[in-house]
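Novice: Here you go, one structure.
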Amino acid sequence: MTDDAYLFLADASATHLGVALSVVGDLECLETSAVQAWFDAQGVTAHQEHVRVLPPEENGFVPEGAERLPVPLSEEELERVRRAGAPEETARLEEELLAFRDCADGRDALLGKALAAGVPPHRIVELTGVDPATLAAATEA
């Protein structure tokens, strides 16, 4: 398991944050009594568009005062949340980075392209397995 992600209720000003649970698909945590009790207390279901999930690294973006609940996600579930929440171009580049993990030909160009497109350095390191120093050196070239 990873650090906790957060379920939260998005108001009209926060609908751009996180990912709707309907987009992510089934998450194990949704079947727990804690999550079910939270849904009941909020008067919502997992299928409502304003019930959102954020990965741990984005938890600081949950609006102040929003109803929220920390939930554990498996690595596979966390990857689904991250990909679903990424802009289409970023998601496509992240797929390329994952596929590129075991290859070195053209690596620096792909790393630079991913950075230029806004893929955060920590995600590039995570997806490719490159050393952070290698990423820094690739961007200087």
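To be explicit about the labels: the chains of the structure tokens are called A, B, and onward in the order shown, and within each one the residues are counted from 1, while ligands get numbers from 1 in the order they are shown.
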Report as a list in words all protein, DNA and RNA residues lying within 6 Å of region 19-23 of chain A, evaluated on only C-alpha atoms, omitting residues in the same chain fewer than 3 positions from it.
Specialist: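 Once the nearby chain positions are removed, what remains is His47, Glu49, Val51, Arg52, Val53 and Gly85 of chain A.
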Novice: Keeping only C-alpha atoms, write the selected residues as a JSON list (two decimals), in the first residue's frame.
Specialist:
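As written to disk, again-v1.json reads:
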```json
[["chain", "number", "residue", "atom", "x", "y", "z"],
["A", 47, "HIS", "CA", -21.16, 7.04, -8.74],
["A", 49, "GLU", "CA", -19.54, 13.06, -10.30],
["A", 51, "VAL", "CA", -17.15, 12.41, -5.37],
["A", 52, "ARG", "CA", -13.49, 12.64, -6.33],
["A", 53, "VAL", "CA", -10.19, 10.95, -5.49],
["A", 85, "GLY", "CA", -6.31, 12.52, -13.66]]
```
Novice: Write out as a Markdown table the residues of region 37-111 of chain A that have any atom within 12 Å of an atom of region 123-138 of chain A, one row each with the nearest atom pair and its distance in Å to one decimal, counting only C-alpha atoms, sorted by chain and then rising number.
Specialist:
```
| residue | atom | partner | partner_atom | distance |
| --- | --- | --- | --- | --- |
| A:Glu57 | CA | A:Arg123 | CA | 10.4 |
| A:Glu75 | CA | A:Glu126 | CA | 11.8 |
| A:Glu79 | CA | A:Leu127 | CA | 10.0 |
| A:Arg82 | CA | A:Arg123 | CA | 9.7 |
| A:Arg83 | CA | A:Arg123 | CA | 11.0 |
| A:Ala86 | CA | A:Arg123 | CA | 11.4 |
| A:Thr90 | CA | A:Arg123 | CA | 10.6 |
| A:Ala91 | CA | A:Arg123 | CA | 11.1 |
| A:Leu93 | CA | A:Ile124 | CA | 9.6 |
| A:Glu94 | CA | A:Leu127 | CA | 7.0 |
| A:Glu95 | CA | A:Leu127 | CA | 8.5 |
| A:Glu96 | CA | A:Leu127 | CA | 9.2 |
| A:Leu97 | CA | A:Thr128 | CA | 5.6 |
| A:Leu98 | CA | A:Leu127 | CA | 5.2 |
| A:Ala99 | CA | A:Thr128 | CA | 8.2 |
| A:Phe100 | CA | A:Thr128 | CA | 6.7 |
| A:Arg101 | CA | A:Thr128 | CA | 4.4 |
| A:Asp102 | CA | A:Thr128 | CA | 7.9 |
| A:Cys103 | CA | A:Thr128 | CA | 9.4 |
| A:Ala104 | CA | A:Val130 | CA | 10.1 |
| A:Gly106 | CA | A:Ala138 | CA | 10.5 |
| A:Arg107 | CA | A:Ala138 | CA | 8.2 |
| A:Asp108 | CA | A:Ala138 | CA | 4.9 |
| A:Ala109 | CA | A:Ala138 | CA | 7.8 |
| A:Leu110 | CA | A:Ala138 | CA | 9.3 |
| A:Leu111 | CA | A:Ala138 | CA | 6.9 |
```
Novice: Using only C-alpha atoms, which residues sit within 7 Å of Val24 (chain A) once same-chain residues fewer than 6 positions away are excluded, as a ChimeraX atom specification?
Specialist: /A:80-81,84
Novice: Create the file for the chosen residues now, containing N, CA and C atoms and written as a compact mmCIF listing (two decimals), in the first residue's frame.
Specialist:
```txt
# COMPACT_ATOMS: atom_id res chain seq x y z
N ARG A 80 -3.84 3.92 -11.74
CA ARG A 80 -5.08 4.23 -12.46
C ARG A 80 -5.57 5.63 -12.13
N VAL A 81 -5.50 6.00 -10.85
CA VAL A 81 -5.94 7.34 -10.44
C VAL A 81 -5.06 8.40 -11.10
N ALA A 84 -5.76 8.57 -14.92
CA ALA A 84 -7.09 9.13 -15.19
C ALA A 84 -7.13 10.63 -14.93
```
Novice: What is the CA of His122 (chain A)-CA of Glu77 (chain A) distance in Å, reported with one decimal?
Specialist: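 That distance, rounded to one decimal, is 18.2 Å.
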Novice: Residues of chain A classed as strand (DSSP E or B) by DSSP on the backbone are to be reported as a ChimeraX atom specification.
Specialist: /A:5-9,19-20,51-54,68-71
Novice: As a ChimeraX atom specification, please: every residue in region 67-104 of chain A that a backbone DSSP assignment puts in alpha helix (DSSP H).
Specialist: /A:75-85,88-99
Novice: Write out as a list in words each polymer residue whose atoms come within 12 Å of Pro63 (chain A), counting only C-alpha atoms; drop sequence neighbours fewer than 6 positions from it.
Specialist: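 Counting only the stated atoms, we get Tyr6, Leu7, Phe8, Leu9, Ala10, Asp11, Ala12, Ser13, Ala14, Thr15, His16, Leu17, Gly18, Arg52 and Leu54 of chain A.
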Novice: When you draw a straight line from CA of Ser74 (chain A) to CA of Glu28 (chain A), how long is it in Å?
Specialist: 8.4 Å
